[in-house]
$ cat my_file_6.pdb   # PDB, C-alpha atoms and all ligand atoms
ATOM      1  CA  MET J   1     179.447  82.252  78.124
ATOM      2  CA  ASP J   2     181.056  85.278  76.521
ATOM      3  CA  CYS J   3     180.191  88.930  76.801
ATOM      4  CA  SER J   4     178.258  89.168  73.518
ATOM      5  CA  TYR J   5     175.663  86.823  74.986
ATOM      6  CA  PHE J   6     175.116  89.196  77.891
ATOM      7  CA  ARG J   7     175.369  92.374  75.804
ATOM      8  CA  ALA J   8     172.371  91.193  73.828
ATOM      9  CA  ARG J   9     170.470  90.723  77.063
ATOM     10  CA  ILE J  10     171.156  94.135  78.551
ATOM     11  CA  ASN J  11     168.394  95.668  76.404
ATOM     12  CA  HIS J  12     165.903  93.036  77.539
ATOM     13  CA  TYR J  13     167.024  93.636  81.089
ATOM     14  CA  VAL J  14     166.371  97.393  81.036
ATOM     15  CA  ASP J  15     163.020  96.690  79.363
ATOM     16  CA  GLY J  16     162.075  94.357  82.196
ATOM     17  CA  GLU J  17     161.731  91.427  79.796
ATOM     18  CA  LEU J  18     164.054  88.942  81.510
ATOM     19  CA  GLY J  19     162.759  86.157  83.700
ATOM     20  CA  TYR J  20     164.063  85.441  87.177
ATOM     21  CA  LEU J  21     166.804  83.016  86.141
ATOM     22  CA  GLU J  22     167.955  85.118  83.181
ATOM     23  CA  THR J  23     168.176  88.150  85.444
ATOM     24  CA  ALA J  24     170.183  86.238  88.030
ATOM     25  CA  GLU J  25     172.521  84.976  85.323
ATOM     26  CA  LEU J  26     173.085  88.477  83.932
ATOM     27  CA  GLN J  27     173.597  89.992  87.372
ATOM     28  CA  GLY J  28     176.095  87.270  88.159
ATOM     29  CA  HIS J  29     178.078  88.201  85.043
ATOM     30  CA  LEU J  30     177.868  91.934  85.738
ATOM     31  CA  SER J  31     179.282  91.401  89.212
ATOM     32  CA  PHE J  32     182.676  90.440  87.784
ATOM     33  CA  CYS J  33     182.668  91.875  84.222
ATOM     34  CA  ALA J  34     183.468  95.572  84.404
ATOM     35  CA  ASP J  35     182.959  96.095  80.656
ATOM     36  CA  CYS J  36     179.405  94.786  80.587
ATOM     37  CA  ALA J  37     178.614  96.599  83.844
ATOM     38  CA  GLU J  38     179.909  99.813  82.259
ATOM     39  CA  GLU J  39     177.750  99.297  79.189
ATOM     40  CA  LEU J  40     174.671  98.833  81.347
ATOM     41  CA  ALA J  41     175.564 101.934  83.370
ATOM     42  CA  GLN J  42     175.972 104.049  80.237
ATOM     43  CA  MET J  43     172.746 102.784  78.733
ATOM     44  CA  SER J  44     170.906 103.562  81.950
ATOM     45  CA  GLU J  45     172.349 107.079  81.918
ATOM     46  CA  VAL J  46     171.205 107.676  78.352
ATOM     47  CA  ARG J  47     167.740 106.315  79.094
ATOM     48  CA  GLY J  48     167.546 108.424  82.240
ATOM     49  CA  ALA J  49     168.470 111.524  80.242
ATOM     50  CA  MET J  50     165.834 110.680  77.627
ATOM     51  CA  ALA J  51     163.134 110.208  80.262
ATOM     52  CA  THR J  52     164.091 113.565  81.777
ATOM     53  CA  TRP J  53     164.027 115.165  78.343
ATOM     54  CA  GLY J  54     160.529 113.728  77.820
ATOM     55  CA  ARG J  55     159.358 115.720  80.832
ATOM     56  CA  THR J  56     160.824 118.922  79.437
ATOM     57  CA  GLU J  57     158.409 121.224  77.703
ATOM     58  CA  LEU J  58     159.645 123.057  74.616
ATOM     59  CA  ALA J  59     158.442 126.484  73.642
ATOM     60  CA  PRO J  60     156.593 126.506  70.312
ATOM     61  CA  PRO J  61     157.509 129.319  67.900
ATOM     62  CA  PRO J  62     156.007 132.739  68.687
ATOM     63  CA  GLY J  63     152.456 133.203  67.415
ATOM     64  CA  PHE J  64     151.805 129.474  67.228
ATOM     65  CA  ALA J  65     148.526 129.511  69.189
ATOM     66  CA  GLU J  66     147.261 132.434  67.062
ATOM     67  CA  ARG J  67     148.021 130.560  63.845
ATOM     68  CA  VAL J  68     146.257 127.429  65.097
ATOM     69  CA  ALA J  69     143.224 129.458  66.170
ATOM     70  CA  ALA J  70     143.121 131.181  62.767
ATOM     71  CA  ALA J  71     143.240 127.794  61.023
ATOM     72  CA  ALA J  72     140.476 126.448  63.303
ATOM     73  CA  ALA J  73     138.318 129.466  62.459
ATOM     74  CA  LEU J  74     138.383 128.366  58.797
ATOM     75  CA  GLU J  75     137.088 124.899  59.718
ATOM     76  CA  PRO J  76     133.417 123.951  59.839
ATOM     77  CA  LYS J  77     132.119 123.788  63.430
ATOM     78  CA  PRO J  78     133.413 120.656  65.193
ATOM     79  CA  GLY J  79     130.052 118.876  65.427
ATOM     80  CA  GLU J  80     128.939 119.712  61.886
ATOM     81  CA  ALA J  81     128.372 116.700  59.659
ATOM     82  CA  THR J  82     130.317 117.135  56.417
ATOM     83  CA  VAL J  83     130.623 114.234  53.974
ATOM     84  CA  GLY J  84     134.320 113.722  54.767
ATOM     85  CA  ARG J  85     133.599 113.634  58.475
ATOM     86  CA  VAL J  86     130.704 111.206  58.247
ATOM     87  CA  VAL J  87     132.823 108.808  56.179
ATOM     88  CA  GLY J  88     135.858 109.317  58.438
ATOM     89  CA  ASP J  89     133.821 108.700  61.594
ATOM     90  CA  ALA J  90     132.257 105.576  60.104
ATOM     91  CA  LEU J  91     135.721 104.223  59.281
ATOM     92  CA  ASP J  92     136.982 105.069  62.773
ATOM     93  CA  ALA J  93     133.984 103.341  64.338
ATOM     94  CA  LEU J  94     134.633 100.302  62.127
ATOM     95  CA  ASP J  95     138.251 100.354  63.233
ATOM     96  CA  ASP J  96     137.304 100.413  66.921
ATOM     97  CA  THR J  97     134.773  97.600  66.519
ATOM     98  CA  LEU J  98     136.814  95.293  64.329
ATOM     99  CA  GLY J  99     140.242  95.798  65.861
ATOM    100  CA  ARG J 100     143.407  94.539  64.227
ATOM    101  CA  ILE J 101     144.533  91.279  62.628
ATOM    102  CA  PRO J 102     147.837  89.851  63.865
ATOM    103  CA  LEU J 103     150.220  88.872  61.083
ATOM    104  CA  PRO J 104     153.250  86.587  61.377
ATOM    105  CA  GLY J 105     156.219  88.361  62.948
ATOM    106  CA  GLY J 106     154.157  90.358  65.411
ATOM    107  CA  ARG J 107     152.865  92.948  62.918
ATOM    108  CA  THR J 108     149.193  93.840  63.088
ATOM    109  CA  ILE J 109     146.998  95.580  60.538
ATOM    110  CA  PRO J 110     143.583  97.156  61.004
ATOM    111  CA  VAL J 111     140.702  94.975  59.818
ATOM    112  CA  LYS J 112     139.252  97.942  57.921
ATOM    113  CA  ASN J 113     142.325  98.006  55.677
ATOM    114  CA  VAL J 114     141.742  94.371  54.760
ATOM    115  CA  LEU J 115     138.086  95.156  54.037
ATOM    116  CA  GLY J 116     139.183  98.165  51.987
ATOM    117  CA  TYR J 117     141.629  96.102  49.925
ATOM    118  CA  GLY J 118     138.956  93.421  49.513
ATOM    119  CA  LEU J 119     136.418  95.943  48.194
ATOM    120  CA  ALA J 120     138.974  97.489  45.846
ATOM    121  CA  ALA J 121     139.926  94.036  44.509
ATOM    122  CA  ALA J 122     136.241  93.142  44.045
ATOM    123  CA  ALA J 123     135.665  96.385  42.103
ATOM    124  CA  VAL J 124     138.606  95.614  39.798
ATOM    125  CA  LEU J 125     137.364  92.046  39.211
ATOM    126  CA  ILE J 126     133.866  93.272  38.363
ATOM    127  CA  GLN J 127     135.304  95.719  35.804
ATOM    128  CA  VAL J 128     137.513  93.041  34.252
ATOM    129  CA  GLU J 129     134.597  90.616  34.074
ATOM    130  CA  ARG J 130     132.422  93.281  32.392
ATOM    131  CA  TYR J 131     135.133  94.092  29.922
ATOM    132  CA  LEU J 132     135.588  90.429  28.999
ATOM    133  CA  ARG J 133     131.844  89.931  28.570
ATOM    134  CA  ARG J 134     131.588  92.947  26.299
ATOM    135  CA  ALA J 135     134.554  91.746  24.310
ATOM    136  CA  ARG J 136     132.801  88.383  23.861
ATOM    137  CA  GLU J 137     129.516  90.062  22.886
ATOM    138  CA  LEU J 138     131.245  92.256  20.300
ATOM    139  CA  LYS J 139     133.142  89.395  18.735
ATOM    140  CA  PRO J 140     131.914  88.911  15.140
ATOM    141  CA  LEU J 141     130.415  85.481  14.574
TER     142      LEU J 141
ATOM    143  CA  MET Y   1     167.873 121.008  87.386
ATOM    144  CA  THR Y   2     164.550 119.352  87.921
ATOM    145  CA  PRO Y   3     162.524 119.920  84.791
ATOM    146  CA  SER Y   4     159.206 120.406  86.469
ATOM    147  CA  ASN Y   5     158.295 122.849  83.718
ATOM    148  CA  LEU Y   6     155.398 120.793  82.447
ATOM    149  CA  LYS Y   7     152.739 123.440  82.465
ATOM    150  CA  TRP Y   8     150.028 121.123  81.184
ATOM    151  CA  ALA Y   9     150.723 118.400  83.744
ATOM    152  CA  THR Y  10     150.247 120.705  86.688
ATOM    153  CA  LEU Y  11     147.055 122.323  85.407
ATOM    154  CA  PRO Y  12     143.602 120.805  85.756
ATOM    155  CA  ASP Y  13     141.924 119.517  82.581
ATOM    156  CA  PRO Y  14     139.698 122.035  80.798
ATOM    157  CA  THR Y  15     136.285 122.126  82.474
ATOM    158  CA  PRO Y  16     133.323 120.515  80.699
ATOM    159  CA  ALA Y  17     131.988 124.041  80.120
ATOM    160  CA  GLU Y  18     135.221 125.180  78.453
ATOM    161  CA  LEU Y  19     135.287 122.062  76.298
ATOM    162  CA  ALA Y  20     131.636 122.484  75.361
ATOM    163  CA  ARG Y  21     132.258 126.073  74.222
ATOM    164  CA  ALA Y  22     135.235 125.020  72.110
ATOM    165  CA  ALA Y  23     133.299 122.053  70.699
ATOM    166  CA  ASP Y  24     130.556 124.483  69.760
ATOM    167  CA  GLY Y  25     133.004 126.320  67.516
ATOM    168  CA  GLU Y  26     133.998 129.164  69.835
ATOM    169  CA  VAL Y  27     137.506 129.730  68.585
ATOM    170  CA  GLU Y  28     138.532 131.889  71.555
ATOM    171  CA  ALA Y  29     137.682 129.035  73.933
ATOM    172  CA  PHE Y  30     139.664 126.649  71.744
ATOM    173  CA  LYS Y  31     142.605 129.036  71.680
ATOM    174  CA  THR Y  32     142.771 128.962  75.480
ATOM    175  CA  ILE Y  33     143.121 125.190  75.279
ATOM    176  CA  VAL Y  34     145.844 125.528  72.614
ATOM    177  CA  GLU Y  35     147.760 127.996  74.782
ATOM    178  CA  ARG Y  36     147.680 125.623  77.708
ATOM    179  CA  TYR Y  37     148.810 122.490  75.857
ATOM    180  CA  GLN Y  38     150.952 123.859  73.020
ATOM    181  CA  GLY Y  39     154.211 123.079  74.821
ATOM    182  CA  MET Y  40     153.292 119.420  75.257
ATOM    183  CA  VAL Y  41     152.020 118.943  71.710
ATOM    184  CA  TYR Y  42     154.942 120.803  70.182
ATOM    185  CA  SER Y  43     157.478 118.826  72.246
ATOM    186  CA  VAL Y  44     156.009 115.497  71.115
ATOM    187  CA  ALA Y  45     156.118 116.615  67.476
ATOM    188  CA  TYR Y  46     159.676 117.906  67.795
ATOM    189  CA  ASN Y  47     160.926 114.728  69.436
ATOM    190  CA  VAL Y  48     159.284 112.457  66.869
ATOM    191  CA  LEU Y  49     160.222 114.532  63.820
ATOM    192  CA  GLY Y  50     163.592 115.900  64.915
ATOM    193  CA  ASN Y  51     163.276 119.387  63.418
ATOM    194  CA  HIS Y  52     161.328 122.565  64.013
ATOM    195  CA  THR Y  53     159.718 123.149  60.630
ATOM    196  CA  ASP Y  54     158.029 119.754  60.550
ATOM    197  CA  ALA Y  55     157.243 119.941  64.266
ATOM    198  CA  GLU Y  56     155.252 123.133  63.829
ATOM    199  CA  ASP Y  57     153.224 121.695  60.931
ATOM    200  CA  ALA Y  58     152.533 118.443  62.760
ATOM    201  CA  ALA Y  59     151.630 120.229  66.012
ATOM    202  CA  GLN Y  60     149.173 122.435  64.151
ATOM    203  CA  GLU Y  61     147.662 119.364  62.498
ATOM    204  CA  ALA Y  62     147.327 117.693  65.911
ATOM    205  CA  PHE Y  63     145.388 120.675  67.276
ATOM    206  CA  LEU Y  64     143.122 120.779  64.234
ATOM    207  CA  ARG Y  65     142.350 117.089  64.684
ATOM    208  CA  CYS Y  66     141.654 117.826  68.321
ATOM    209  CA  TYR Y  67     139.284 120.640  67.310
ATOM    210  CA  ARG Y  68     137.405 118.399  64.876
ATOM    211  CA  LYS Y  69     137.181 115.551  67.372
ATOM    212  CA  LEU Y  70     136.190 117.616  70.414
ATOM    213  CA  PRO Y  71     132.576 116.419  70.320
ATOM    214  CA  GLN Y  72     133.889 112.842  70.546
ATOM    215  CA  TYR Y  73     136.092 113.434  73.565
ATOM    216  CA  ARG Y  74     134.835 111.472  76.560
ATOM    217  CA  SER Y  75     136.264 112.089  79.970
ATOM    218  CA  GLU Y  76     137.296 108.448  80.517
ATOM    219  CA  ALA Y  77     140.819 109.497  79.588
ATOM    220  CA  THR Y  78     142.200 112.747  80.947
ATOM    221  CA  PHE Y  79     142.172 115.442  78.319
ATOM    222  CA  SER Y  80     145.967 115.674  78.299
ATOM    223  CA  THR Y  81     146.309 111.911  77.684
ATOM    224  CA  TRP Y  82     143.800 112.095  74.854
ATOM    225  CA  LEU Y  83     145.618 115.049  73.306
ATOM    226  CA  PHE Y  84     149.004 113.368  73.795
ATOM    227  CA  ARG Y  85     147.766 110.425  71.658
ATOM    228  CA  LEU Y  86     146.519 112.813  68.968
ATOM    229  CA  ALA Y  87     149.905 114.544  68.961
ATOM    230  CA  LEU Y  88     151.758 111.242  68.622
ATOM    231  CA  ASN Y  89     149.505 110.033  65.816
ATOM    232  CA  SER Y  90     149.699 113.309  63.914
ATOM    233  CA  SER Y  91     153.489 113.377  64.169
ATOM    234  CA  ILE Y  92     153.881 109.791  62.996
ATOM    235  CA  ASP Y  93     151.398 110.318  60.137
ATOM    236  CA  TYR Y  94     153.271 113.481  59.187
ATOM    237  CA  LYS Y  95     156.548 111.597  59.051
ATOM    238  CA  ARG Y  96     154.958 109.011  56.772
ATOM    239  CA  ARG Y  97     153.617 111.689  54.433
ATOM    240  CA  GLU Y  98     156.482 114.123  54.180
ATOM    241  CA  ARG Y  99     160.032 113.620  53.147
ATOM    242  CA  ARG Y 100     162.296 114.752  55.900
ATOM    243  CA  ARG Y 101     163.732 118.139  55.074
ATOM    244  CA  PRO Y 102     167.383 118.496  55.904
ATOM    245  CA  GLU Y 103     167.770 121.164  58.515
ATOM    246  CA  PRO Y 104     170.755 122.243  60.581
ATOM    247  CA  VAL Y 105     170.584 121.135  64.170
ATOM    248  CA  GLU Y 106     169.205 123.818  66.394
ATOM    249  CA  VAL Y 107     168.702 123.306  70.067
ATOM    250  CA  PRO Y 108     165.081 124.003  70.896
ATOM    251  CA  ASP Y 109     164.232 126.638  73.473
ATOM    252  CA  VAL Y 110     163.233 124.982  76.667
ATOM    253  CA  ALA Y 111     160.176 126.755  78.034
ATOM    254  CA  ALA Y 112     161.984 127.392  81.313
ATOM    255  CA  GLY Y 113     164.656 129.137  79.264
ATOM    256  CA  GLU Y 114     167.773 127.425  80.561
ATOM    257  CA  GLN Y 115     170.215 125.085  78.929
ATOM    258  CA  ALA Y 116     168.891 121.858  80.390
ATOM    259  CA  GLU Y 117     171.335 119.479  82.074
ATOM    260  CA  LEU Y 118     169.734 116.065  81.851
ATOM    261  CA  GLY Y 119     172.073 114.249  84.230
ATOM    262  CA  ASP Y 120     175.390 112.368  83.945
ATOM    263  CA  GLY Y 121     176.954 115.096  81.826
ATOM    264  CA  ILE Y 122     174.315 114.812  79.103
ATOM    265  CA  THR Y 123     172.771 118.126  78.074
ATOM    266  CA  ALA Y 124     169.663 118.900  76.074
ATOM    267  CA  ALA Y 125     171.957 120.118  73.298
ATOM    268  CA  THR Y 126     174.002 116.919  73.035
ATOM    269  CA  LEU Y 127     170.959 114.645  73.332
ATOM    270  CA  THR Y 128     168.827 116.465  70.749
ATOM    271  CA  SER Y 129     171.642 116.641  68.242
ATOM    272  CA  ALA Y 130     172.374 112.930  68.737
ATOM    273  CA  LEU Y 131     168.673 112.148  68.264
ATOM    274  CA  HIS Y 132     168.525 114.389  65.197
ATOM    275  CA  ASP Y 133     171.360 112.432  63.581
ATOM    276  CA  LEU Y 134     169.795 109.007  64.141
ATOM    277  CA  PRO Y 135     168.186 107.529  61.036
ATOM    278  CA  ASN Y 136     164.388 108.020  61.123
ATOM    279  CA  ASP Y 137     163.845 104.281  61.381
ATOM    280  CA  TYR Y 138     165.764 104.196  64.658
ATOM    281  CA  ARG Y 139     164.815 107.571  66.071
ATOM    282  CA  VAL Y 140     161.042 107.250  66.068
ATOM    283  CA  PRO Y 141     160.777 103.926  67.930
ATOM    284  CA  THR Y 142     163.581 104.913  70.314
ATOM    285  CA  VAL Y 143     161.857 108.207  71.115
ATOM    286  CA  LEU Y 144     158.528 106.465  71.664
ATOM    287  CA  ARG Y 145     160.109 103.823  73.879
ATOM    288  CA  ASP Y 146     162.657 105.726  75.964
ATOM    289  CA  ILE Y 147     161.373 109.301  75.941
ATOM    290  CA  TYR Y 148     157.678 108.487  76.255
ATOM    291  CA  GLY Y 149     157.797 104.976  77.730
ATOM    292  CA  LEU Y 150     155.365 103.372  75.287
ATOM    293  CA  PRO Y 151     155.110  99.559  75.260
ATOM    294  CA  TYR Y 152     156.775  97.881  72.264
ATOM    295  CA  GLN Y 153     153.487  96.486  70.960
ATOM    296  CA  GLU Y 154     151.979  99.953  70.841
ATOM    297  CA  ILE Y 155     155.008 101.272  68.969
ATOM    298  CA  ALA Y 156     154.649  98.402  66.494
ATOM    299  CA  ASP Y 157     150.981  99.314  65.927
ATOM    300  CA  LEU Y 158     151.673 103.052  65.615
ATOM    301  CA  THR Y 159     154.528 102.646  63.172
ATOM    302  CA  ALA Y 160     153.008  99.636  61.331
ATOM    303  CA  ARG Y 161     156.150  97.561  61.799
ATOM    304  CA  PRO Y 162     156.597  94.019  63.153
ATOM    305  CA  LEU Y 163     157.229  93.807  66.888
ATOM    306  CA  GLY Y 164     160.609  92.125  66.459
ATOM    307  CA  THR Y 165     161.781  94.822  64.034
ATOM    308  CA  VAL Y 166     160.743  97.579  66.423
ATOM    309  CA  LYS Y 167     162.747  96.004  69.240
ATOM    310  CA  VAL Y 168     165.848  95.692  67.071
ATOM    311  CA  MET Y 169     165.506  99.341  66.000
ATOM    312  CA  VAL Y 170     165.233 100.522  69.588
ATOM    313  CA  HIS Y 171     168.244  98.441  70.618
ATOM    314  CA  ARG Y 172     170.274  99.928  67.752
ATOM    315  CA  GLY Y 173     169.039 103.417  68.478
ATOM    316  CA  ARG Y 174     170.103 103.082  72.099
ATOM    317  CA  ALA Y 175     173.509 101.700  71.154
ATOM    318  CA  SER Y 176     174.116 104.513  68.710
ATOM    319  CA  LEU Y 177     173.052 107.193  71.228
ATOM    320  CA  ARG Y 178     175.169 105.635  73.961
ATOM    321  CA  LEU Y 179     178.325 105.588  71.830
ATOM    322  CA  ARG Y 180     177.771 109.098  70.521
ATOM    323  CA  LEU Y 181     177.084 110.624  73.935
ATOM    324  CA  GLN Y 182     179.981 108.719  75.460
ATOM    325  CA  ALA Y 183     182.323 110.072  72.781
ATOM    326  CA  GLU Y 184     181.088 113.604  73.441
ATOM    327  CA  ARG Y 185     181.597 113.306  77.173
ATOM    328  CA  GLU Y 186     185.147 112.109  76.607
ATOM    329  CA  ALA Y 187     185.916 114.841  74.068
TER     330      ALA Y 187
HETATM  331 ZN    ZN E   1     180.945  90.891  80.046
END

$ encode --input "my_file_6.pdb" --output "structure tokens" --more "lines below"
Ligand SMILES: [Zn+2]
Amino acid sequence: MDCSYFRARINHYVDGELGYLETAELQGHLSFCADCAEELAQMSEVRGAMATWGRTELAPPPGFAERVAAAAALEPKPGEATVGRVVGDALDALDDTLGRIPLPGGRTIPVKNVLGYGLAAAAVLIQVERYLRRARELKPL
Amino acid sequence: MTPSNLKWATLPDPTPAELARAADGEVEAFKTIVERYQGMVYSVAYNVLGNHTDAEDAAQEAFLRCYRKLPQYRSEATFSTWLFRLALNSSIDYKRRERRRPEPVEVPDVAAGEQAELGDGITAATLTSALHDLPNDYRVPTVLRDIYGLPYQEIADLTARPLGTVKVMVHRGRASLRLRLQAEREA
């Protein structure tokens, strides 16, 4: 087997997605192929640097907390029931209860979206049906 | 250097009393929470969005969502984990909404104030500029996977992309970063 076969597997290897035999096969190749071993080493270095970077805290611009607090002061109190919030919370609750629908290819979509599209489509159909009926009613005999 | 400068990770969660005051609309109490966690929220936004202007907007949006949702926070998750999710969601939503503004690469100030060496000759400056130059489609999943360690399925859900696509994007993102950083080390 050539290197491209193993190159493709290096990503699965660092993600812990290879089974026992696949791992053994890759490790066997790495033990004599310096190029593939080097690629794995470099990828591990980059991933290590990224993980380290993820633990590094950046300083927000000066005055950030003051600006956020000022914006929060303009908001209604957190618990207050405004129309937008009641609707938003209801949708969130629906989302949590209904979960997501898996689609082919591993994509998932929230059930509430499907319900939303369904309602919108129903509304359009009702309007079209009404329009057609009126058109029929108005037709001169 | 050991970047143990995660202020939020070493501090205890806000007490129930502090949270209750903030949830009751006491802005000063909320501001204390913002001051404690702003570095974490801002870092997440910067890493997802790749520039400072968008990061500030998205971080502010994350804190406002946090403020609105405070009454719903339950202590099953630690507060920082809960807020981390809000920050991720706000940043990804922001990216969906806004066109990315071109901005010259600037290296962000690390809270500790030094030019971070991330190991193996990779510095904060070289890594952030390499990340900045990745196409959005590669950067976001790669950041979520390798900077924050999220599972692929979660990244697929967050970014509304098929699982297989997300994996390919991360693999390409990694390859591109590896080649770029290797070239810079050799230069
Ligand atoms: Zn090889």

$ resolve_selection --input "my_file_6.pdb" --expression "the PyMOL selection byres ((chain Y) within 7 of (chain J))" --output "VMD selection string"
chain Y and resid 3 5 to 6 23 to 25 27 31 34 to 35 38 to 40 42 to 43 60 64 67 to 71 108 to 111 118 to 120 122 146 to 148 156 to 157 160 to 164 171 178

$ atom_distance --input "my_file_6.pdb" --atom1 "atom CA of Y:Ala45" --atom2 "atom CA of Y:Gly173"
18.5 Å

$ residues_near_ligand --input "my_file_6.pdb" --ligand "ligand ZN 1 (chain E)" --cutoff "9 Å" --atoms "all atoms listed in the file" --output "MDAnalysis selection string"
chainID J and resid 1:7 29:30 32:37

$ resolve_selection --input "my_file_6.pdb" --expression "the PyMOL selection byres (((chain Y and resi 91) around 12) and not hetatm)" --output "mmCIF file with C-alpha atoms, keeping the file's coordinate frame"
data_model
loop_
_atom_site.group_PDB
_atom_site.id
_atom_site.type_symbol
_atom_site.label_atom_id
_atom_site.label_comp_id
_atom_site.auth_asym_id
_atom_site.auth_seq_id
_atom_site.Cartn_x
_atom_site.Cartn_y
_atom_site.Cartn_z
ATOM 1 C CA VAL Y 41 152.020 118.943 71.710
ATOM 2 C CA TYR Y 42 154.942 120.803 70.182
ATOM 3 C CA SER Y 43 157.478 118.826 72.246
ATOM 4 C CA VAL Y 44 156.009 115.497 71.115
ATOM 5 C CA ALA Y 45 156.118 116.615 67.476
ATOM 6 C CA TYR Y 46 159.676 117.906 67.795
ATOM 7 C CA ASN Y 47 160.926 114.728 69.436
ATOM 8 C CA VAL Y 48 159.284 112.457 66.869
ATOM 9 C CA LEU Y 49 160.222 114.532 63.820
ATOM 10 C CA GLY Y 50 163.592 115.900 64.915
ATOM 11 C CA ASN Y 51 163.276 119.387 63.418
ATOM 12 C CA ASP Y 54 158.029 119.754 60.550
ATOM 13 C CA ALA Y 55 157.243 119.941 64.266
ATOM 14 C CA GLU Y 56 155.252 123.133 63.829
ATOM 15 C CA ASP Y 57 153.224 121.695 60.931
ATOM 16 C CA ALA Y 58 152.533 118.443 62.760
ATOM 17 C CA ALA Y 59 151.630 120.229 66.012
ATOM 18 C CA GLN Y 60 149.173 122.435 64.151
ATOM 19 C CA GLU Y 61 147.662 119.364 62.498
ATOM 20 C CA ALA Y 62 147.327 117.693 65.911
ATOM 21 C CA PHE Y 63 145.388 120.675 67.276
ATOM 22 C CA ARG Y 65 142.350 117.089 64.684
ATOM 23 C CA PHE Y 84 149.004 113.368 73.795
ATOM 24 C CA ARG Y 85 147.766 110.425 71.658
ATOM 25 C CA LEU Y 86 146.519 112.813 68.968
ATOM 26 C CA ALA Y 87 149.905 114.544 68.961
ATOM 27 C CA LEU Y 88 151.758 111.242 68.622
ATOM 28 C CA ASN Y 89 149.505 110.033 65.816
ATOM 29 C CA SER Y 90 149.699 113.309 63.914
ATOM 30 C CA ILE Y 92 153.881 109.791 62.996
ATOM 31 C CA ASP Y 93 151.398 110.318 60.137
ATOM 32 C CA TYR Y 94 153.271 113.481 59.187
ATOM 33 C CA LYS Y 95 156.548 111.597 59.051
ATOM 34 C CA ARG Y 96 154.958 109.011 56.772
ATOM 35 C CA ARG Y 97 153.617 111.689 54.433
ATOM 36 C CA GLU Y 98 156.482 114.123 54.180
ATOM 37 C CA VAL Y 140 161.042 107.250 66.068
ATOM 38 C CA LEU Y 144 158.528 106.465 71.664
ATOM 39 C CA LEU Y 158 151.673 103.052 65.615
ATOM 40 C CA THR Y 159 154.528 102.646 63.172
#

$ atom_distance --input "my_file_6.pdb" --atom1 "atom CA of Y:Lys167" --atom2 "atom CA of Y:Tyr152"
7.0 Å

$ axis_aligned_box --input "my_file_6.pdb" --around "stretch 119-125 of chain J" --padding-each-side "8 Å" --output "lines of an AutoDock Vina configuration file"
center_x = 137.8
center_y = 94.8
center_z = 43.7
size_x = 20.3
size_y = 21.4
size_z = 25.0

$ atom_distance --input "my_file_6.pdb" --atom1 "atom CA of J:Val14" --atom2 "atom CA of Y:Leu134"
20.8 Å

$ closest_residue --input "my_file_6.pdb" --among "Y:Thr128, Y:Val170, Y:Thr123, Y:Glu186" --to "Y:Pro141" --atoms "all atoms listed in the file"
Y:Val170
